[in-house]
>>> print(open('my_file12.csv').read())   # CSV, C-alpha atoms
chain,number,residue,atom,x,y,z
C,1,MET,CA,-109.5,50.5,-36.7
C,2,ARG,CA,-106.7,48.4,-38.0
C,3,SER,CA,-107.9,45.1,-39.6
C,4,ARG,CA,-106.3,42.2,-37.7
C,5,MET,CA,-106.1,38.5,-37.8
C,6,ILE,CA,-106.8,37.2,-34.2
C,7,ILE,CA,-103.5,36.2,-32.6
C,8,VAL,CA,-104.0,32.5,-32.2
C,9,GLY,CA,-101.4,32.2,-29.5
C,10,LEU,CA,-103.7,34.3,-27.2
C,11,MET,CA,-106.4,31.7,-27.5
C,12,LEU,CA,-104.5,28.5,-26.9
C,13,VAL,CA,-105.6,27.3,-23.5
C,14,ALA,CA,-105.5,30.9,-22.2
C,15,ALA,CA,-101.9,30.2,-22.9
C,16,SER,CA,-100.9,33.5,-24.3
C,17,VAL,CA,-99.0,33.6,-21.0
C,18,VAL,CA,-96.1,31.5,-22.3
C,19,PHE,CA,-93.8,33.4,-19.9
C,20,ALA,CA,-94.6,33.9,-16.2
C,21,ALA,CA,-92.8,35.3,-13.2
C,22,PRO,CA,-93.7,34.9,-9.5
C,23,PRO,CA,-96.2,37.5,-8.2
C,24,ASN,CA,-94.5,40.8,-7.2
C,25,ALA,CA,-91.2,39.5,-8.4
C,26,LYS,CA,-88.9,41.6,-10.6
C,27,PRO,CA,-87.2,39.0,-12.8
C,28,GLU,CA,-83.5,39.4,-13.5
C,29,LEU,CA,-82.8,40.1,-17.2
C,30,PRO,CA,-80.9,37.3,-19.1
C,31,PRO,CA,-77.8,38.1,-21.1
C,32,GLN,CA,-78.6,40.4,-24.0
C,33,ASP,CA,-77.8,38.2,-27.0
C,34,ALA,CA,-76.6,40.7,-29.6
C,35,GLU,CA,-77.2,38.3,-32.5
C,36,VAL,CA,-80.8,37.8,-31.4
C,37,LEU,CA,-81.5,41.5,-30.8
C,38,ARG,CA,-80.1,42.5,-34.2
C,39,PHE,CA,-82.2,39.8,-35.9
C,40,VAL,CA,-85.3,41.0,-34.1
C,41,ALA,CA,-84.7,44.6,-35.0
C,42,ARG,CA,-84.5,43.7,-38.7
C,43,ALA,CA,-87.3,41.2,-38.7
C,44,LEU,CA,-90.0,43.1,-36.9
C,45,PRO,CA,-91.7,46.3,-38.3
C,46,TRP,CA,-89.1,49.1,-38.5
C,47,HIS,CA,-89.3,52.3,-36.5
C,48,PRO,CA,-86.4,54.8,-36.2
C,49,THR,CA,-86.7,55.1,-32.4
C,50,SER,CA,-87.2,51.5,-31.4
C,51,ASN,CA,-85.2,49.9,-28.7
C,52,PHE,CA,-85.2,46.2,-27.9
C,53,LYS,CA,-84.3,44.1,-24.8
C,54,ILE,CA,-84.6,40.4,-24.0
C,55,LEU,CA,-86.9,39.8,-21.0
C,56,SER,CA,-86.5,36.0,-20.9
C,57,ASP,CA,-84.5,33.4,-22.7
C,58,ASP,CA,-85.4,29.8,-21.9
C,59,LYS,CA,-83.7,26.8,-23.6
C,60,GLN,CA,-85.7,23.6,-23.6
C,61,MET,CA,-84.9,20.1,-24.9
C,62,THR,CA,-87.1,17.9,-27.0
C,63,PRO,CA,-86.5,14.3,-28.3
C,64,SER,CA,-85.2,15.8,-31.6
C,65,GLY,CA,-83.2,18.8,-30.4
C,66,ALA,CA,-83.3,22.1,-28.4
C,67,PHE,CA,-85.2,25.3,-28.9
C,68,ARG,CA,-85.0,28.7,-27.2
C,69,LEU,CA,-88.2,30.4,-26.1
C,70,ILE,CA,-87.5,34.2,-26.0
C,71,GLN,CA,-89.5,37.2,-25.0
C,72,VAL,CA,-88.4,40.6,-26.3
C,73,GLU,CA,-89.7,44.0,-25.3
C,74,ARG,CA,-89.8,47.0,-27.7
C,75,THR,CA,-89.9,50.5,-26.4
C,76,GLY,CA,-89.6,54.0,-27.8
C,77,SER,CA,-91.8,53.6,-30.8
C,78,GLN,CA,-95.3,54.5,-29.5
C,79,ARG,CA,-97.9,52.2,-31.0
C,80,LEU,CA,-95.4,49.5,-31.9
C,81,ASP,CA,-94.2,49.2,-28.3
C,82,GLY,CA,-94.9,45.9,-26.5
C,83,ARG,CA,-93.7,42.3,-26.0
C,84,THR,CA,-93.0,39.8,-28.7
C,85,SER,CA,-92.5,36.1,-28.3
C,86,LEU,CA,-90.1,34.1,-30.6
C,87,LEU,CA,-88.9,30.6,-30.7
C,88,ILE,CA,-85.5,29.7,-32.1
C,89,ASP,CA,-85.4,26.1,-33.5
C,90,GLU,CA,-81.7,25.4,-32.9
C,91,PRO,CA,-81.2,22.3,-35.1
C,92,GLY,CA,-83.5,23.8,-37.8
C,93,LYS,CA,-81.8,27.2,-37.7
C,94,ALA,CA,-85.1,29.0,-37.9
C,95,VAL,CA,-86.9,31.7,-35.9
C,96,TRP,CA,-90.7,31.7,-35.4
C,97,PHE,CA,-92.3,34.9,-34.3
C,98,GLY,CA,-95.5,35.9,-32.6
C,99,ASN,CA,-98.3,33.3,-32.5
C,100,ILE,CA,-97.0,30.9,-29.9
C,101,GLY,CA,-99.1,29.2,-27.3
C,102,ARG,CA,-99.1,26.3,-24.9
C,103,LEU,CA,-100.8,23.1,-26.2
C,104,PRO,CA,-102.8,21.0,-23.8
C,105,SER,CA,-101.4,17.8,-25.1
C,106,LYS,CA,-99.1,16.6,-22.4
C,107,ASP,CA,-101.5,13.9,-21.3
C,108,VAL,CA,-102.4,12.8,-24.9
C,109,GLY,CA,-99.5,10.3,-25.1
C,110,ALA,CA,-95.8,10.1,-25.4
C,111,GLY,CA,-95.7,9.2,-29.1
C,112,VAL,CA,-95.5,11.4,-32.1
C,113,GLU,CA,-98.5,9.8,-33.8
C,114,GLU,CA,-100.7,10.6,-30.7
C,115,LEU,CA,-99.5,14.2,-30.7
C,116,LYS,CA,-100.3,14.5,-34.4
C,117,ALA,CA,-103.7,13.0,-34.0
C,118,PHE,CA,-104.5,15.5,-31.2
C,119,VAL,CA,-103.3,18.5,-33.2
C,120,GLU,CA,-105.4,17.4,-36.2
C,121,VAL,CA,-108.5,17.8,-34.1
C,122,PHE,CA,-107.6,20.5,-31.7
C,123,ILE,CA,-106.4,23.2,-34.1
C,124,PRO,CA,-109.3,23.0,-36.5
C,125,ASP,CA,-111.8,23.1,-33.7
C,126,LEU,CA,-110.1,26.0,-32.1
C,127,LEU,CA,-109.9,28.1,-35.2
C,128,MET,CA,-113.5,27.4,-36.2
C,129,LYS,CA,-114.8,28.3,-32.8
C,130,ASN,CA,-112.8,31.5,-32.4
C,131,MET,CA,-112.2,32.8,-35.9
C,132,ARG,CA,-114.7,31.1,-38.1
C,133,MET,CA,-111.9,29.6,-40.0
C,134,LYS,CA,-112.2,26.2,-41.7
C,135,VAL,CA,-108.8,24.5,-41.7
C,136,LYS,CA,-107.3,21.1,-42.1
C,137,VAL,CA,-103.9,20.1,-40.7
C,138,ASP,CA,-101.5,18.5,-43.3
C,139,TRP,CA,-98.3,16.9,-42.1
C,140,ASN,CA,-97.1,16.4,-45.7
C,141,VAL,CA,-94.7,19.3,-45.8
C,142,THR,CA,-91.2,19.7,-47.1
C,143,LYS,CA,-88.6,19.0,-44.3
C,144,GLN,CA,-85.1,20.2,-44.5
C,145,GLY,CA,-82.8,18.5,-42.0
C,146,PRO,CA,-83.2,18.1,-38.3
C,147,SER,CA,-85.6,20.2,-36.2
C,148,ALA,CA,-86.9,20.5,-32.7
C,149,LEU,CA,-90.3,21.0,-34.2
C,150,LEU,CA,-92.9,18.9,-36.0
C,151,LEU,CA,-93.9,20.9,-39.0
C,152,PHE,CA,-97.3,21.0,-40.6
C,153,ALA,CA,-99.3,23.2,-43.0
C,154,LEU,CA,-102.8,24.5,-42.4
C,155,ASP,CA,-105.0,24.2,-45.5
C,156,VAL,CA,-107.3,27.2,-45.0
C,157,ASP,CA,-110.7,27.2,-46.7
C,158,THR,CA,-111.6,30.7,-48.1
C,159,GLY,CA,-114.9,29.7,-49.6
C,160,TYR,CA,-113.3,30.0,-53.0
C,161,GLY,CA,-110.7,27.3,-52.6
C,162,SER,CA,-107.8,27.1,-50.1
C,163,PHE,CA,-104.3,28.3,-49.4
C,164,ARG,CA,-101.6,27.0,-47.1
C,165,ARG,CA,-100.0,28.6,-44.1
C,166,PRO,CA,-97.2,27.2,-42.0
C,167,GLY,CA,-97.4,25.8,-38.5
C,168,ALA,CA,-95.5,23.6,-36.1
C,169,VAL,CA,-95.6,22.0,-32.7
C,170,THR,CA,-92.5,21.4,-30.5
C,171,ALA,CA,-91.5,17.8,-30.5
C,172,ASP,CA,-92.2,17.6,-26.8
C,173,GLY,CA,-95.9,18.5,-27.4
C,174,GLY,CA,-95.6,21.6,-25.3
C,175,LEU,CA,-96.1,24.5,-27.7
C,176,VAL,CA,-97.9,25.2,-31.0
C,177,LEU,CA,-96.7,27.9,-33.5
C,178,LEU,CA,-98.8,29.5,-36.2
C,179,GLY,CA,-96.8,31.9,-38.1
C,180,ALA,CA,-93.8,31.9,-40.4
C,181,PRO,CA,-90.2,30.8,-39.8
C,182,LEU,CA,-87.3,32.9,-40.9
C,183,PRO,CA,-83.8,31.4,-41.4
C,184,PHE,CA,-81.7,32.4,-38.4
C,185,ASP,CA,-78.5,32.2,-40.4
C,186,GLN,CA,-79.7,34.9,-42.9
C,187,ASP,CA,-80.4,38.6,-42.6
C,188,PRO,CA,-84.2,39.0,-42.5
C,189,VAL,CA,-84.2,42.1,-44.7
C,190,ALA,CA,-82.0,40.5,-47.4
C,191,TYR,CA,-84.0,37.3,-47.2
C,192,ARG,CA,-87.3,39.1,-47.8
C,193,ARG,CA,-85.8,41.2,-50.5
C,194,GLU,CA,-84.8,38.0,-52.4
C,195,LEU,CA,-88.3,36.5,-51.9
C,196,PHE,CA,-89.8,39.6,-53.5
C,197,GLU,CA,-87.3,39.6,-56.4
C,198,ASN,CA,-88.3,36.0,-57.2
C,199,SER,CA,-92.1,36.2,-56.6
C,200,ASP,CA,-94.7,36.2,-59.3
C,201,THR,CA,-97.5,37.2,-56.9
C,202,ILE,CA,-96.7,40.9,-56.8
C,203,MET,CA,-98.8,43.1,-59.0
C,204,TRP,CA,-96.4,45.9,-60.0
C,205,ASP,CA,-98.3,48.9,-61.2
C,206,HIS,CA,-95.6,50.0,-63.6
C,207,GLU,CA,-92.2,48.9,-64.9
C,208,ASN,CA,-89.0,50.4,-63.6
C,209,GLU,CA,-86.1,48.0,-63.5
C,210,ASP,CA,-83.8,50.8,-62.3
C,211,ALA,CA,-85.9,51.8,-59.3
C,212,MET,CA,-83.8,52.1,-56.1
C,213,VAL,CA,-86.8,51.6,-53.8
C,214,ARG,CA,-89.4,48.9,-54.1
C,215,ILE,CA,-92.4,49.2,-52.0
C,216,VAL,CA,-94.5,46.0,-51.7
C,217,GLU,CA,-98.0,46.5,-50.2
C,218,PHE,CA,-100.1,43.8,-48.6
C,219,SER,CA,-103.7,45.0,-48.4
C,220,ASP,CA,-107.4,44.2,-48.4
C,221,PHE,CA,-109.9,46.3,-50.3
C,222,GLU,CA,-112.4,46.1,-47.5
C,223,CYS,CA,-109.8,47.2,-44.9
C,224,PRO,CA,-110.4,50.8,-43.5
C,225,ALA,CA,-106.8,51.2,-42.4
C,226,CYS,CA,-105.6,50.3,-45.9
C,227,ARG,CA,-107.7,53.1,-47.3
C,228,VAL,CA,-106.5,55.6,-44.7
C,229,LYS,CA,-102.8,54.7,-45.2
C,230,TRP,CA,-102.8,54.5,-49.0
C,231,PRO,CA,-102.3,58.3,-49.5
C,232,LEU,CA,-99.0,58.0,-47.6
C,233,ILE,CA,-97.7,55.4,-50.1
C,234,LYS,CA,-99.2,57.2,-53.1
C,235,SER,CA,-97.4,60.4,-52.1
C,236,GLN,CA,-94.0,58.6,-52.1
C,237,ILE,CA,-94.7,57.2,-55.6
C,238,GLU,CA,-95.7,60.6,-56.9
C,239,LYS,CA,-92.7,62.4,-55.3
C,240,ASN,CA,-90.2,59.9,-56.5
C,241,PRO,CA,-91.5,58.5,-59.9
C,242,GLU,CA,-88.0,57.6,-61.1
C,243,THR,CA,-86.7,55.9,-58.0
C,244,VAL,CA,-89.8,54.3,-56.3
C,245,LEU,CA,-91.6,51.2,-57.7
C,246,HIS,CA,-94.8,50.1,-56.1
C,247,GLY,CA,-96.4,46.7,-56.1
C,248,MET,CA,-99.4,45.3,-54.4
C,249,VAL,CA,-100.2,41.8,-53.1
C,250,ASN,CA,-103.8,40.9,-52.3
C,251,PHE,CA,-104.2,39.8,-48.6
C,252,PRO,CA,-108.0,39.6,-48.1
C,253,LEU,CA,-109.2,38.6,-44.6
C,254,PRO,CA,-112.4,36.7,-45.6
C,255,SER,CA,-113.3,35.7,-42.0
C,256,ILE,CA,-114.0,39.4,-41.2
C,257,HIS,CA,-114.3,41.0,-44.6
C,258,PRO,CA,-117.0,39.2,-46.7
C,259,TRP,CA,-116.4,40.9,-50.0
C,260,ALA,CA,-112.6,41.3,-49.9
C,261,PHE,CA,-111.8,38.1,-51.7
C,262,ARG,CA,-114.0,38.9,-54.7
C,263,SER,CA,-112.5,42.3,-55.1
C,264,ALA,CA,-109.0,40.7,-54.8
C,265,SER,CA,-109.9,38.4,-57.7
C,266,ALA,CA,-111.1,41.4,-59.7
C,267,ALA,CA,-107.9,43.3,-58.9
C,268,TRP,CA,-105.7,40.5,-60.2
C,269,CYS,CA,-107.6,40.5,-63.5
C,270,VAL,CA,-107.5,44.3,-63.9
C,271,SER,CA,-103.8,44.3,-63.1
C,272,ASP,CA,-103.1,41.5,-65.6
C,273,MET,CA,-104.9,43.4,-68.3
C,274,SER,CA,-103.6,46.9,-67.5
C,275,PRO,CA,-101.2,47.2,-64.5
C,276,THR,CA,-101.2,51.0,-64.4
C,277,LEU,CA,-104.9,51.0,-63.7
C,278,LEU,CA,-104.6,49.0,-60.5
C,279,PRO,CA,-104.1,51.9,-58.1
C,280,GLN,CA,-107.2,53.7,-59.5
C,281,PHE,CA,-109.2,50.5,-59.3
C,282,LYS,CA,-108.2,50.1,-55.7
C,283,GLU,CA,-109.2,53.7,-55.0
C,284,THR,CA,-112.6,53.0,-56.5
C,285,PHE,CA,-113.3,50.3,-54.0
C,286,TYR,CA,-111.8,52.3,-51.2
C,287,SER,CA,-114.3,55.1,-52.0
C,288,LEU,CA,-117.2,52.7,-51.8
C,289,GLN,CA,-116.2,50.8,-48.6
C,290,ASN,CA,-119.2,52.1,-46.6
C,291,ASP,CA,-121.7,51.1,-49.2
C,292,MET,CA,-120.1,48.0,-50.8
C,293,GLU,CA,-121.5,44.5,-50.3
C,294,LEU,CA,-120.8,41.1,-51.8
C,295,SER,CA,-123.4,41.3,-54.5
C,296,LEU,CA,-122.1,44.7,-55.8
C,297,VAL,CA,-118.5,43.6,-56.3
C,298,THR,CA,-119.1,42.1,-59.8
C,299,PRO,CA,-121.1,45.0,-61.3
C,300,THR,CA,-118.8,47.5,-59.9
C,301,SER,CA,-115.8,45.7,-61.3
C,302,VAL,CA,-117.4,45.3,-64.7
C,303,ASP,CA,-118.5,48.9,-64.9
C,304,TYR,CA,-114.9,49.9,-64.1
C,305,VAL,CA,-113.5,47.6,-66.8
C,306,ILE,CA,-115.9,48.9,-69.5
C,307,GLY,CA,-115.4,52.5,-68.4
C,308,HIS,CA,-111.7,52.3,-68.9
C,309,GLY,CA,-111.7,50.6,-72.2
C,310,LEU,CA,-110.7,47.1,-71.2
C,311,ASP,CA,-112.1,43.9,-72.7
C,312,GLU,CA,-115.1,42.9,-70.7
C,313,GLN,CA,-115.1,39.3,-72.0
C,314,GLN,CA,-111.4,38.9,-71.2
C,315,PHE,CA,-112.1,40.2,-67.6
C,316,LEU,CA,-115.0,37.8,-67.1
C,317,GLU,CA,-112.8,34.8,-68.3
C,318,CYS,CA,-110.4,35.7,-65.5
C,319,TYR,CA,-112.7,37.0,-62.7
C,320,LEU,CA,-113.7,34.3,-60.1
C,321,LYS,CA,-112.2,31.7,-62.5
C,322,PRO,CA,-109.3,29.4,-61.6
C,323,VAL,CA,-106.6,31.7,-63.0
C,324,SER,CA,-107.5,34.5,-60.5
C,325,LEU,CA,-108.6,32.3,-57.7
C,326,ASP,CA,-105.3,30.4,-57.7
C,327,ALA,CA,-103.4,33.7,-58.0
C,328,VAL,CA,-105.1,35.3,-54.9
C,329,HIS,CA,-104.6,32.1,-52.9
C,330,ALA,CA,-101.0,32.2,-53.9
C,331,GLN,CA,-100.8,35.8,-52.7
C,332,MET,CA,-102.4,34.9,-49.4
C,333,ALA,CA,-99.9,32.0,-48.9
C,334,PHE,CA,-97.0,34.4,-49.8
C,335,GLY,CA,-98.2,36.8,-47.1
C,336,ASN,CA,-98.5,34.1,-44.5
C,337,ALA,CA,-95.0,32.8,-45.4
C,338,LEU,CA,-93.8,36.3,-44.6
C,339,GLY,CA,-95.6,36.3,-41.2
C,340,ILE,CA,-98.2,38.9,-42.1
C,341,ASN,CA,-101.2,38.9,-39.8
C,342,SER,CA,-102.7,42.3,-40.4
C,343,THR,CA,-103.4,44.8,-43.1
C,344,PRO,CA,-101.9,47.1,-44.4
C,345,THR,CA,-98.4,45.8,-44.1
C,346,TYR,CA,-95.6,47.3,-46.3
C,347,PHE,CA,-92.1,46.3,-47.2
C,348,VAL,CA,-89.6,48.9,-48.3
C,349,ASN,CA,-86.6,47.1,-49.9
C,350,GLY,CA,-87.3,44.2,-47.5
C,351,TRP,CA,-87.8,46.3,-44.4
C,352,MET,CA,-91.2,45.7,-42.9
C,353,LEU,CA,-93.2,48.8,-42.2
C,354,LEU,CA,-96.6,49.5,-40.7
C,355,ALA,CA,-96.6,53.1,-42.0
C,356,SER,CA,-97.8,54.7,-38.8
C,357,ASP,CA,-97.0,58.2,-40.1
C,358,ALA,CA,-95.7,60.1,-43.1
C,359,LEU,CA,-92.4,61.1,-41.5
C,360,THR,CA,-91.4,57.5,-40.7
C,361,LEU,CA,-92.2,56.4,-44.2
C,362,ASP,CA,-90.3,59.3,-45.7
C,363,GLN,CA,-87.3,58.7,-43.5
C,364,LEU,CA,-87.1,55.1,-44.6
C,365,VAL,CA,-87.6,55.9,-48.3
C,366,LYS,CA,-84.9,58.6,-48.2
C,367,ALA,CA,-82.4,56.2,-46.6
C,368,MET,CA,-83.1,53.6,-49.3
C,369,ILE,CA,-82.7,56.2,-52.1
C,370,ALA,CA,-79.4,57.2,-50.6
C,371,GLY,CA,-78.3,53.6,-50.4
C,372,GLU,CA,-78.0,53.7,-46.6
C,373,GLU,CA,-79.2,51.6,-43.8
C,374,PRO,CA,-82.1,53.3,-42.0
>>> encode(input="my_file12.csv", output="structure tokens")
Amino acid sequence: MRSRMIIVGLMLVAASVVFAAPPNAKPELPPQDAEVLRFVARALPWHPTSNFKILSDDKQMTPSGAFRLIQVERTGSQRLDGRTSLLIDEPGKAVWFGNIGRLPSKDVGAGVEELKAFVEVFIPDLLMKNMRMKVKVDWNVTKQGPSALLLFALDVDTGYGSFRRPGAVTADGGLVLLGAPLPFDQDPVAYRRELFENSDTIMWDHENEDAMVRIVEFSDFECPACRVKWPLIKSQIEKNPETVLHGMVNFPLPSIHPWAFRSASAAWCVSDMSPTLLPQFKETFYSLQNDMELSLVTPTSVDYVIGHGLDEQQFLECYLKPVSLDAVHAQMAFGNALGINSTPTYFVNGWMLLASDALTLDQLVKAMIAGEEP
């Protein structure tokens, strides 16, 4: 079963139903905004046979500007088919995907401070109750120009420290968003590709500056789906050693995977000492998933380090120490900034991919090698 973060929008006041139509009514489709549809197709996980259409497009005003609440339906791609909510912050020129829900704050008060005070209590209580996540709302975030949203960050406690993930409420107090904004005036694929080029959180397992294809993997050592899908990625690396470069970003889900964070810390340290050993180190933990437990992560990691000729003392000075804890938290923040909410998630030259089958992955990689759009 695929490891998933619970979609918070589904829990907000049973308000996953952000869009509604009268019973037995067949709503008329709104104009099919070509700019929005192209953006969606390049922002969501890629599949060669996907088709998208806009089911609803509602523009709403707030005291600080307008936003569009849009529902898009994907068809033709089997397991990826379904409906996606997105919100376009018009003055902020940003698009928020996925985790959008109604906020029961209309009666809290008309002022911004009352809304903020409500959110500071409501969101932490909700996430603790439903996801066992300990979070704190922080309004001290960098703001860039006007926006129809009030932006905040969630400081998420992992038990080893914390990382930040973005969030917002509409300025009218109607909706809450937990996800990641993408700039609406930039191509999502190119935007993500630039983020990867400038990120120091990716653990590349070898050097190849001339690689035409860069696969970035977000995964969790305790995730069964990550184990199952890894051979698909590995085969591409082995088939295309001169053209494909692979890197991993730890994205442990500690609320459902108790030993994932410790193994992520160990992976960072092993990668720092010998990048080429990271895939094998990962496979070691994959092979032990059924028997692994929290208390066994340290001895398993130390045994691996010693068995492969690495410096045990150097490893222990890194493992579960600030250098690796900070690195893993930075990786988790990076994943959340990209809108990742499940593992494994892959990016191939900036195209998001859930690697549902070998043929889909192969088609995308071949297009990238040929320098073509998929």
>>> closest_residue(input="my_file12.csv", among="C:Asn341, C:Gln186, C:Thr158, C:Asn198", to="Val36 of chain C", atoms="only C-alpha atoms")
C:Gln186
>>> atom_distance(input="my_file12.csv", atom1="atom CA of His329 of chain C", atom2="atom CA of Phe163 of chain C")
5.2 Å
>>> closest_atom_pairs(input="my_file12.csv", of="segment 170-267 of chain C", to="segment 56-68 of chain C", cutoff="10 Å", atoms="only C-alpha atoms", output="CSV")
residue,atom,partner,partner_atom,distance
C:Thr170,CA,C:Thr62,CA,7.3
C:Ala171,CA,C:Thr62,CA,5.6
C:Asp172,CA,C:Thr62,CA,5.1
C:Gly173,CA,C:Thr62,CA,8.8
C:Gly174,CA,C:Thr62,CA,9.4
>>> residues_around(input="my_file12.csv", residues="Tyr191 of chain C", least_positions_apart="3", cutoff="12 Å", atoms="all atoms listed in the file", output="VMD selection string")
chain C and resid 39 42 to 43 181 to 188 194 to 198 338 349 to 352
>>> closest_residue(input="my_file12.csv", among="C:Gly111, C:Pro224, C:Gly247, C:Gly101", to="Ser199 of chain C", atoms="only C-alpha atoms")
C:Gly247
>>> residues_near_point(input="my_file12.csv", point="(-93.1, 43.7, -52.1)", cutoff="7 Å", atoms="only C-alpha atoms", output="count of residues only")
9
>>> closest_residue(input="my_file12.csv", among="C:Asp220, C:Asp200, C:Asp33, C:Asp291", to="Ser342 of chain C", atoms="all atoms listed in the file")
C:Asp220
>>> atom_distance(input="my_file12.csv", atom1="atom CA of Pro30 of chain C", atom2="atom CA of Leu55 of chain C")
6.8 Å
>>> atom_distance(input="my_file12.csv", atom1="atom CA of Met273 of chain C", atom2="atom CA of Trp230 of chain C")
22.4 Å
>>> closest_residue(input="my_file12.csv", among="C:Arg227, C:Lys321, C:His47, C:Lys93", to="Gly76 of chain C", atoms="all atoms listed in the file")
C:His47
>>> residues_around(input="my_file12.csv", residues="Val213 of chain C", least_positions_apart="4", cutoff="7 Å", atoms="all atoms listed in the file", output="PDB file with C-alpha atoms, keeping the file's coordinate frame")
ATOM      1  CA  THR C 243     -86.700  55.900 -58.000  1.00  0.00           C
ATOM      2  CA  VAL C 244     -89.800  54.300 -56.300  1.00  0.00           C
ATOM      3  CA  LEU C 245     -91.600  51.200 -57.700  1.00  0.00           C
ATOM      4  CA  VAL C 348     -89.600  48.900 -48.300  1.00  0.00           C
ATOM      5  CA  ASN C 349     -86.600  47.100 -49.900  1.00  0.00           C
ATOM      6  CA  MET C 368     -83.100  53.600 -49.300  1.00  0.00           C
ATOM      7  CA  ILE C 369     -82.700  56.200 -52.100  1.00  0.00           C
TER       8      ILE C 369
END
>>> residues_around(input="my_file12.csv", residues="Leu232 of chain C", least_positions_apart="6", cutoff="12 Å", atoms="all atoms listed in the file", output="tab-separated table (two decimals) with C-alpha atoms, in the coordinates of the input")
chain	number	residue	atom	x	y	z
C	215	ILE	CA	-92.40	49.20	-52.00
C	217	GLU	CA	-98.00	46.50	-50.20
C	225	ALA	CA	-106.80	51.20	-42.40
C	226	CYS	CA	-105.60	50.30	-45.90
C	238	GLU	CA	-95.70	60.60	-56.90
C	239	LYS	CA	-92.70	62.40	-55.30
C	344	PRO	CA	-101.90	47.10	-44.40
C	346	TYR	CA	-95.60	47.30	-46.30
C	354	LEU	CA	-96.60	49.50	-40.70
C	355	ALA	CA	-96.60	53.10	-42.00
C	356	SER	CA	-97.80	54.70	-38.80
C	357	ASP	CA	-97.00	58.20	-40.10
C	358	ALA	CA	-95.70	60.10	-43.10
C	359	LEU	CA	-92.40	61.10	-41.50
C	360	THR	CA	-91.40	57.50	-40.70
C	361	LEU	CA	-92.20	56.40	-44.20
C	362	ASP	CA	-90.30	59.30	-45.70
C	365	VAL	CA	-87.60	55.90	-48.30
>>> closest_residue(input="my_file12.csv", among="C:Lys129, C:Val119, C:Glu209, C:Tyr319", to="Leu150 of chain C", atoms="all atoms listed in the file")
C:Val119
